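File shown: my_file_36.cif (mmCIF, C-alpha atoms).
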```cif
data_final
loop_
_atom_site.label_atom_id
_atom_site.label_comp_id
_atom_site.auth_asym_id
_atom_site.auth_seq_id
_atom_site.Cartn_x
_atom_site.Cartn_y
_atom_site.Cartn_z
CA MET P 1 79.14 30.97 95.71
CA ASP P 2 81.17 33.53 93.72
CA HIS P 3 82.99 30.83 91.75
CA GLU P 4 79.71 29.57 90.32
CA ARG P 5 78.41 33.09 89.67
CA PHE P 6 81.43 34.05 87.62
CA MET P 7 81.54 30.68 85.84
CA ARG P 8 77.89 31.13 84.80
CA LEU P 9 78.88 34.43 83.24
CA ALA P 10 81.73 32.67 81.41
CA LEU P 11 79.25 30.05 80.17
CA LYS P 12 76.94 32.74 78.80
CA LEU P 13 79.85 34.28 76.95
CA ALA P 14 80.94 30.89 75.58
CA ALA P 15 77.43 30.26 74.24
CA ARG P 16 77.86 33.23 71.90
CA GLY P 17 80.42 31.21 69.97
CA ALA P 18 78.33 28.02 69.74
CA GLY P 19 78.32 26.77 66.16
CA LYS P 20 81.04 29.20 65.06
CA THR P 21 84.26 27.80 66.51
CA SER P 22 84.45 24.27 65.06
CA PRO P 23 86.67 22.28 65.13
CA ASN P 24 87.58 24.19 68.27
CA PRO P 25 85.36 24.23 71.36
CA ALA P 26 83.20 27.15 72.46
CA VAL P 27 84.89 28.78 75.45
CA GLY P 28 84.13 31.79 77.63
CA SER P 29 86.29 33.62 80.14
CA VAL P 30 86.02 36.42 82.69
CA ILE P 31 88.73 38.12 84.75
CA VAL P 32 87.84 39.20 88.26
CA LYS P 33 89.70 41.44 90.68
CA ASN P 34 88.53 42.46 94.14
CA GLY P 35 85.19 40.82 93.46
CA ARG P 36 84.57 42.82 90.29
CA VAL P 37 84.62 41.69 86.66
CA ILE P 38 87.32 43.66 84.87
CA ALA P 39 87.42 41.79 81.54
CA GLU P 40 85.38 39.37 79.45
CA GLY P 41 86.15 37.29 76.38
CA TYR P 42 84.98 34.33 74.35
CA HIS P 43 86.25 32.31 71.40
CA LYS P 44 84.48 33.74 68.35
CA LYS P 45 85.81 31.54 65.56
CA ALA P 46 88.50 28.98 64.75
CA GLY P 47 91.80 30.75 64.15
CA GLY P 48 90.75 33.74 66.25
CA PRO P 49 91.92 34.55 69.80
CA HIS P 50 90.92 32.07 72.45
CA ALA P 51 88.65 33.22 75.26
CA GLU P 52 91.48 33.86 77.73
CA ALA P 53 93.53 35.87 75.24
CA ALA P 54 90.45 37.83 74.17
CA ALA P 55 89.73 38.80 77.78
CA LEU P 56 93.34 39.75 78.54
CA ALA P 57 93.51 41.89 75.39
CA THR P 58 90.78 44.19 76.72
CA LEU P 59 92.73 45.15 79.84
CA LYS P 60 94.61 48.43 79.92
CA ASN P 61 96.02 48.14 83.43
CA GLY P 62 96.97 44.47 83.35
CA ALA P 63 95.69 41.49 85.29
CA LYS P 64 98.22 41.20 88.12
CA ASP P 65 96.81 39.29 91.11
CA ALA P 66 93.42 38.84 89.39
CA THR P 67 91.44 35.60 89.06
CA LEU P 68 90.60 34.21 85.65
CA TYR P 69 87.49 32.07 85.17
CA VAL P 70 87.38 29.90 82.06
CA THR P 71 84.92 27.19 81.01
CA LEU P 72 87.63 24.89 79.58
CA GLU P 73 91.20 24.17 80.58
CA PRO P 74 93.60 26.66 78.90
CA CYS P 75 95.52 25.24 75.96
CA CYS P 76 99.26 24.68 76.27
CA HIS P 77 100.28 23.96 72.69
CA PHE P 78 100.76 25.87 69.46
CA GLY P 79 97.83 25.37 67.09
CA ARG P 80 96.11 28.10 65.10
CA THR P 81 97.01 30.40 68.01
CA PRO P 82 99.77 30.51 70.68
CA PRO P 83 99.35 28.68 74.02
CA CYS P 84 96.95 30.40 76.42
CA THR P 85 98.95 29.14 79.40
CA ASP P 86 101.87 31.39 78.37
CA ALA P 87 99.64 34.44 78.12
CA ILE P 88 98.08 33.72 81.52
CA ILE P 89 101.43 33.19 83.26
CA ASN P 90 102.93 36.33 81.70
CA SER P 91 99.88 38.41 82.66
CA GLY P 92 100.40 38.03 86.40
CA ILE P 93 97.09 36.24 86.94
CA LYS P 94 97.11 34.87 90.48
CA LYS P 95 94.44 32.18 90.19
CA VAL P 96 92.66 30.31 87.42
CA VAL P 97 89.26 28.69 87.99
CA ILE P 98 88.40 26.08 85.35
CA GLY P 99 85.06 24.52 84.46
CA THR P 100 86.33 21.26 82.96
CA VAL P 101 89.50 19.60 81.74
CA ASP P 102 90.10 19.66 77.98
CA PRO P 103 89.73 16.13 76.51
CA ASN P 104 92.15 17.04 73.70
CA PRO P 105 95.16 14.71 74.24
CA LYS P 106 97.47 17.66 73.51
CA VAL P 107 96.08 19.41 76.59
CA SER P 108 94.15 17.09 78.96
CA GLY P 109 95.62 18.20 82.29
CA LYS P 110 98.89 19.50 80.85
CA GLY P 111 97.61 23.08 80.84
CA ILE P 112 96.74 22.84 84.52
CA SER P 113 100.15 21.34 85.34
CA LEU P 114 101.99 24.15 83.55
CA LEU P 115 100.01 26.81 85.39
CA LYS P 116 100.67 25.19 88.75
CA ALA P 117 104.37 24.80 87.96
CA ALA P 118 104.52 28.54 87.28
CA GLY P 119 103.01 29.31 90.69
CA VAL P 120 99.47 30.01 89.51
CA LEU P 121 96.75 28.73 91.82
CA VAL P 122 94.29 26.46 90.01
CA ALA P 123 90.80 25.23 90.89
CA SER P 124 88.81 23.02 88.53
CA GLY P 125 85.43 21.32 88.27
CA VAL P 126 83.29 24.42 88.83
CA LEU P 127 79.95 23.85 87.06
CA GLU P 128 81.69 20.97 85.32
CA ARG P 129 78.48 19.33 84.09
CA GLU P 130 77.30 22.53 82.39
CA CYS P 131 80.73 23.20 80.91
CA ARG P 132 80.97 19.69 79.49
CA LYS P 133 77.49 19.85 78.00
CA LEU P 134 78.35 23.08 76.20
CA ASN P 135 80.96 21.19 74.17
CA GLU P 136 79.41 17.73 74.07
CA ALA P 137 80.18 17.33 70.37
CA TYR P 138 83.79 18.45 70.79
CA ASN P 139 84.25 16.03 73.69
CA ARG P 140 83.03 13.12 71.58
CA TYR P 141 85.16 14.21 68.63
CA MET P 142 88.29 14.30 70.79
CA THR P 143 87.73 10.96 72.50
CA GLY P 144 86.10 8.84 69.77
CA LYS P 145 86.71 7.76 66.20
CA VAL P 146 83.65 9.47 64.75
CA PRO P 147 81.86 12.81 65.12
CA PHE P 148 79.02 13.49 67.55
CA VAL P 149 75.76 12.45 65.85
CA THR P 150 72.37 13.94 66.64
CA LEU P 151 69.46 12.07 65.10
CA LYS P 152 66.55 14.42 64.39
CA LEU P 153 63.06 13.03 63.82
CA ALA P 154 59.81 14.87 63.07
CA GLN P 155 56.81 12.67 63.71
CA THR P 156 53.15 12.43 64.68
CA LEU P 157 51.91 11.27 68.07
CA ASP P 158 51.80 7.74 66.69
CA ALA P 159 55.39 7.92 65.42
CA ARG P 160 54.69 8.42 61.71
CA THR P 161 56.76 10.67 59.49
CA ALA P 162 54.49 10.73 56.44
CA ALA P 163 51.01 9.76 55.35
CA ALA P 164 50.44 6.58 53.36
CA GLY P 165 50.72 8.55 50.10
CA GLY P 166 54.16 9.87 51.13
CA GLU P 167 53.07 13.39 52.06
CA SER P 168 55.20 14.78 54.92
CA LYS P 169 55.20 18.58 54.50
CA TRP P 170 54.61 19.69 57.06
CA ILE P 171 54.07 17.35 59.99
CA THR P 172 55.52 19.84 62.46
CA GLY P 173 54.92 23.58 62.68
CA GLU P 174 56.94 26.72 61.98
CA ALA P 175 58.41 26.92 65.48
CA SER P 176 59.83 23.40 65.14
CA ARG P 177 61.26 24.17 61.70
CA ALA P 178 62.99 27.27 63.07
CA LEU P 179 64.54 25.17 65.83
CA VAL P 180 65.75 22.63 63.26
CA HIS P 181 67.40 25.41 61.28
CA ARG P 182 69.13 26.61 64.45
CA MET P 183 70.35 23.05 64.98
CA ARG P 184 71.67 23.04 61.41
CA SER P 185 73.50 26.32 61.98
CA ARG P 186 75.31 24.81 64.95
CA ALA P 187 76.20 21.52 63.25
CA ASP P 188 79.19 21.02 60.97
CA ALA P 189 77.24 18.73 58.66
CA VAL P 190 73.63 17.79 58.00
CA MET P 191 73.18 14.24 56.69
CA VAL P 192 70.27 12.64 54.84
CA GLY P 193 69.66 9.52 52.80
CA SER P 194 68.87 9.50 49.10
CA SER P 195 65.24 8.58 49.83
CA THR P 196 64.78 11.88 51.67
CA VAL P 197 66.28 13.76 48.73
CA LEU P 198 64.01 11.99 46.25
CA LYS P 199 60.87 12.42 48.36
CA ASP P 200 61.31 15.90 49.88
CA ASP P 201 63.95 17.59 47.67
CA PRO P 202 65.37 19.49 50.67
CA MET P 203 67.84 22.38 50.42
CA LEU P 204 69.56 21.45 53.72
CA ASN P 205 70.65 25.02 54.36
CA VAL P 206 69.85 27.61 57.05
CA ARG P 207 67.02 29.97 56.20
CA HIS P 208 64.71 30.53 59.17
CA VAL P 209 67.45 31.79 61.54
CA GLY P 210 70.79 33.52 61.24
CA GLY P 211 73.90 31.35 61.03
CA LYS P 212 76.20 29.41 58.78
CA ASN P 213 75.17 26.70 56.36
CA PRO P 214 76.44 23.23 57.27
CA LEU P 215 78.17 20.82 54.93
CA LYS P 216 75.45 18.89 53.09
CA VAL P 217 75.98 15.13 53.19
CA VAL P 218 73.89 12.72 51.11
CA LEU P 219 74.13 8.95 51.46
CA ASP P 220 73.34 7.40 48.08
CA SER P 221 74.64 3.89 47.46
CA THR P 222 73.78 3.88 43.73
CA LEU P 223 73.74 7.65 43.02
CA LYS P 224 70.02 8.00 42.40
CA THR P 225 70.11 11.69 43.38
CA PRO P 226 69.06 13.71 40.31
CA LEU P 227 71.32 16.54 39.19
CA THR P 228 68.31 18.85 39.43
CA ALA P 229 67.96 18.24 43.18
CA ARG P 230 68.11 21.39 45.29
CA VAL P 231 71.01 20.06 47.39
CA PHE P 232 73.28 20.85 44.44
CA LYS P 233 72.50 24.55 44.76
CA GLY P 234 74.88 26.72 46.78
CA GLY P 235 77.81 24.28 46.87
CA GLY P 236 79.07 22.43 49.92
CA LEU P 237 77.66 19.06 48.87
CA LEU P 238 79.36 15.78 49.73
CA ILE P 239 77.85 12.55 48.40
CA PHE P 240 78.87 9.16 49.75
CA THR P 241 78.22 6.27 47.40
CA THR P 242 79.46 2.73 46.75
CA ARG P 243 80.97 0.84 43.84
CA ALA P 244 77.43 0.04 42.76
CA ALA P 245 77.25 3.59 41.35
CA LEU P 246 78.06 3.90 37.66
CA PRO P 247 81.29 5.86 36.98
CA SER P 248 79.35 8.02 34.52
CA LYS P 249 76.96 9.06 37.30
CA ILE P 250 79.87 9.94 39.56
CA ARG P 251 81.43 12.12 36.84
CA LYS P 252 78.14 13.94 36.28
CA ALA P 253 77.62 14.57 39.99
CA VAL P 254 81.14 15.99 40.25
CA SER P 255 80.56 18.18 37.21
CA ALA P 256 77.39 19.48 38.89
CA GLY P 257 79.44 20.66 41.88
CA ALA P 258 79.37 17.75 44.32
CA GLU P 259 82.29 15.96 45.85
CA VAL P 260 81.76 12.21 45.65
CA ILE P 261 83.42 9.67 47.92
CA VAL P 262 83.14 5.92 47.30
CA VAL P 263 82.96 3.84 50.49
CA PRO P 264 82.25 0.14 51.07
CA ALA P 265 78.69 -1.14 50.90
CA SER P 266 77.00 -2.82 53.83
CA LYS P 267 73.80 -4.75 54.47
CA ASP P 268 72.18 -1.36 55.15
CA GLY P 269 73.35 -0.07 51.76
CA ILE P 270 76.37 1.95 52.81
CA ASP P 271 79.01 1.61 55.52
CA LEU P 272 77.87 4.32 57.94
CA LYS P 273 80.81 3.95 60.29
CA ARG P 274 83.19 4.50 57.38
CA VAL P 275 81.18 7.57 56.36
CA LEU P 276 81.49 9.07 59.83
CA ARG P 277 85.21 8.32 59.99
CA GLU P 278 85.70 10.06 56.66
CA LEU P 279 83.81 13.07 58.03
CA LYS P 280 86.02 13.19 61.11
CA LYS P 281 89.09 13.30 58.84
CA ARG P 282 87.60 16.52 57.45
CA GLU P 283 87.31 18.01 60.95
CA VAL P 284 83.56 17.52 61.06
CA VAL P 285 82.89 17.60 64.79
CA SER P 286 79.09 17.32 64.78
CA VAL P 287 76.57 15.74 62.41
CA LEU P 288 72.83 16.39 62.36
CA ALA P 289 71.14 13.38 60.77
CA GLU P 290 67.72 14.34 59.41
CA ALA P 291 66.79 10.78 58.74
CA GLY P 292 63.90 8.82 57.39
CA GLY P 293 62.91 5.56 59.05
CA THR P 294 65.47 3.41 57.24
CA LEU P 295 68.52 5.58 57.91
CA ALA P 296 67.36 6.26 61.48
CA ALA P 297 67.19 2.53 62.18
CA SER P 298 70.58 1.90 60.58
CA LEU P 299 72.25 4.57 62.69
CA LEU P 300 70.61 3.33 65.88
CA ARG P 301 71.38 -0.33 65.17
CA GLY P 302 74.99 0.61 64.53
CA GLY P 303 75.30 2.42 67.86
CA LEU P 304 76.22 5.59 65.99
CA VAL P 305 73.72 7.99 67.55
CA ASP P 306 74.76 10.09 70.53
CA LYS P 307 71.70 12.29 70.91
CA LEU P 308 68.09 12.00 69.81
CA SER P 309 65.94 15.06 69.07
CA VAL P 310 62.31 14.14 68.36
CA PHE P 311 59.78 16.75 67.33
CA ILE P 312 56.27 15.45 67.99
CA SER P 313 53.24 16.96 66.30
CA PRO P 314 49.77 16.65 67.92
CA THR P 315 48.42 14.66 64.99
CA VAL P 316 47.62 11.01 64.36
CA ILE P 317 48.00 9.29 60.97
CA GLY P 318 47.59 5.59 61.74
CA SER P 319 49.50 2.48 60.85
CA GLU P 320 49.24 3.18 57.10
CA GLY P 321 51.76 6.00 57.51
CA PHE P 322 55.54 5.70 57.28
CA PRO P 323 57.20 4.79 60.63
CA ALA P 324 59.70 7.22 62.15
CA VAL P 325 62.16 4.40 62.83
CA GLY P 326 62.53 1.14 60.92
CA PRO P 327 63.14 -2.29 62.48
CA LEU P 328 65.67 -2.42 65.31
CA GLY P 329 65.39 -6.10 66.12
CA VAL P 330 64.06 -5.41 69.61
CA LYS P 331 61.98 -8.36 70.85
CA MET P 332 61.97 -7.66 74.60
CA LEU P 333 61.52 -4.40 76.47
CA LYS P 334 64.79 -4.98 78.25
CA ASP P 335 66.52 -4.69 74.85
CA ALA P 336 64.90 -1.36 73.95
CA LEU P 337 67.12 1.67 73.44
CA ARG P 338 67.05 3.88 76.51
CA LEU P 339 67.59 7.63 76.59
CA THR P 340 69.25 9.41 79.48
CA ASP P 341 69.17 13.03 80.63
CA THR P 342 65.92 13.60 78.74
CA THR P 343 64.33 17.02 78.39
CA VAL P 344 60.91 18.05 77.13
CA LYS P 345 59.91 21.50 75.85
CA ARG P 346 57.29 23.16 73.73
CA ALA P 347 57.93 24.27 70.14
CA GLY P 348 54.79 26.11 69.17
CA THR P 349 52.07 23.45 69.09
CA ASP P 350 54.70 20.68 68.94
CA ILE P 351 56.77 19.01 71.64
CA LEU P 352 60.52 18.48 71.45
CA VAL P 353 61.89 15.50 73.38
CA GLU P 354 65.68 15.19 73.58
CA GLY P 355 67.94 12.69 75.26
CA TYR P 356 71.19 10.79 74.95
CA VAL P 357 71.42 7.21 73.73
CA ARG P 358 72.78 4.95 76.43
CA LYS P 359 75.84 3.07 75.17
#
```
Please express what this file holds, its structure, as structure tokens.
Amino acid sequence: MDHERFMRLALKLAARGAGKTSPNPAVGSVIVKNGRVIAEGYHKKAGGPHAEAAALATLKNGAKDATLYVTLEPCCHFGRTPPCTDAIINSGIKKVVIGTVDPNPKVSGKGISLLKAAGVLVASGVLERECRKLNEAYNRYMTGKVPFVTLKLAQTLDARTAAAGGESKWITGEASRALVHRMRSRADAVMVGSSTVLKDDPMLNVRHVGGKNPLKVVLDSTLKTPLTARVFKGGGLLIFTTRAALPSKIRKAVSAGAEVIVVPASKDGIDLKRVLRELKKREVVSVLAEAGGTLAASLLRGGLVDKLSVFISPTVIGSEGFPAVGPLGVKMLKDALRLTDTTVKRAGTDILVEGYVRK
């Protein structure tokens, strides 16, 4: 079907903007006339032209009576850019084919209604599943109170993240590490606990692939993170702590370049839901949690994980090693966390298993 063929092209264009448009979604668009693509466009970055406007801007002879394919419902409100619905209506576009409705309450069907009211033919739901998956983090951000959270684990075949002596570099291989850095480049924030900082001294930036560095988020209820830790280098560090942290430590961390936010404590050490809500206030759409066993368990117990990405190395350490996930309180198989829409792929000598946490 031509609709699907042209929408797949729009999806490929949209993918070029993945990780660069936040807090906006990644969107692609093509304009077709007489069965031929006459213009293409995609949203390159927040504040820049939206996909529809980018495609229309490339046309010299106009778009009268053409069909526009777009992966997400055109916006109908003034934000960083003018409404796309106005540009489409004024262009003479005859028909608009949409992948999925925009979950943003400011749009959510209103864009479609405006187009129809102006006499533009509209079809929606073409490759809807693929179009929704492209912006899964944005969809969660728009409909929930917290960002989309991906929990990343790197473990052995027997679900250990480190040997008994604490050694964990490197359980997985170079191909897996490159994939993790790509995941970082597409996330707004990468989050770790203070134990990970103390044990691994990570930089939490993007080095093995091209792309932007995410916001670095450290959860440290008593501010044990040393000022010499590598997370302080390069800026963009946000530390969440509690009132258990000494004011003098907070002042020193701020002087070293970190922003420190005090949130309530919890039985897990820090109120994770409050942390995620604070991140959403800062327009953090997606969070990559590179967690140790304790933080991983806390996130899962709290129902705060949307997606699980588990890199599995073909090695076995034994029960003396550190578990990938701490206690979840599961006593019966029927109570186990279940993943949906799982995928499995190779990453060098490792295996990457991904799925969504059923809620």
Problem - Residues returned when the PyMOL selection byres ((chain P and resi 281-291) around 7) runs on this file, as a ChimeraX atom specification - result: /P:22-23,137-138,141,147-153,184,187-193,277-280,292-293,295-296
Practice task
Kindly resolve the PyMOL selection byres ((chain P and resi 76) around 8) on the present coordinates and return the residues as a PyMOL selection string.
Solution key: chain P and resi 74-75+77-78+83-86+106-107+110-111+114
Exercise for the section: For each of P:Lys12, P:Lys33, P:Arg243, P:His3, take the minimum atom-to-atom distance to Ile270 of chain P, counting all atoms listed in the file, then give the residue where this is smallest. Expected result: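 Looking at the shortest contact to Ile270 of chain P, the residue is P:Arg243.
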Practice task
May I ask for the distance between atom CA of Arg186 of chain P and atom CA of Val146 of chain P, given in Å to one decimal place?
Solution key: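 Atom CA of Val146 of chain P lies 17.5 Å from atom CA of Arg186 of chain P.
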Handout entry: Residue members of the PyMOL selection byres ((chain P and resi 249-260) around 6) in the file shown, as a list in words
Key =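 Evaluating the PyMOL selection byres ((chain P and resi 249-260) around 6) on these coordinates yields Leu237, Leu238, Ile239, Phe240, Leu246, Pro247, Ser248 and Ile261 of chain P.
Counting all atoms listed in the file, the residue from P:Gln155, P:Ser309, P:Ser113, P:Asn139 that sits nearest to Leu179 of chain P is P:Ser309.
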Handout entry: Surrounding residues of Tyr42 of chain P excluding itself and chain neighbours under 3 positions, 8 Å, all atoms listed in the file, as an MDAnalysis selection string
Key = chainID P and resid 10 13:14 16:17 26:29 50:52 54:55
I'd like the contact shell of Ile171 of chain P - 7 Å cut-off, only C-alpha atoms, skipping same-chain residues fewer than 4 positions apart - returned as a short mmCIF file (atom, residue, chain, number, x, y, z; two decimals) with C-alpha atoms, in the frame of the given file.
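Full text of part.cif as output:
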```cif
data_model
loop_
_atom_site.label_atom_id
_atom_site.label_comp_id
_atom_site.auth_asym_id
_atom_site.auth_seq_id
_atom_site.Cartn_x
_atom_site.Cartn_y
_atom_site.Cartn_z
CA ALA P 154 59.81 14.87 63.07
CA GLN P 155 56.81 12.67 63.71
CA THR P 156 53.15 12.43 64.68
CA SER P 313 53.24 16.96 66.30
#
```
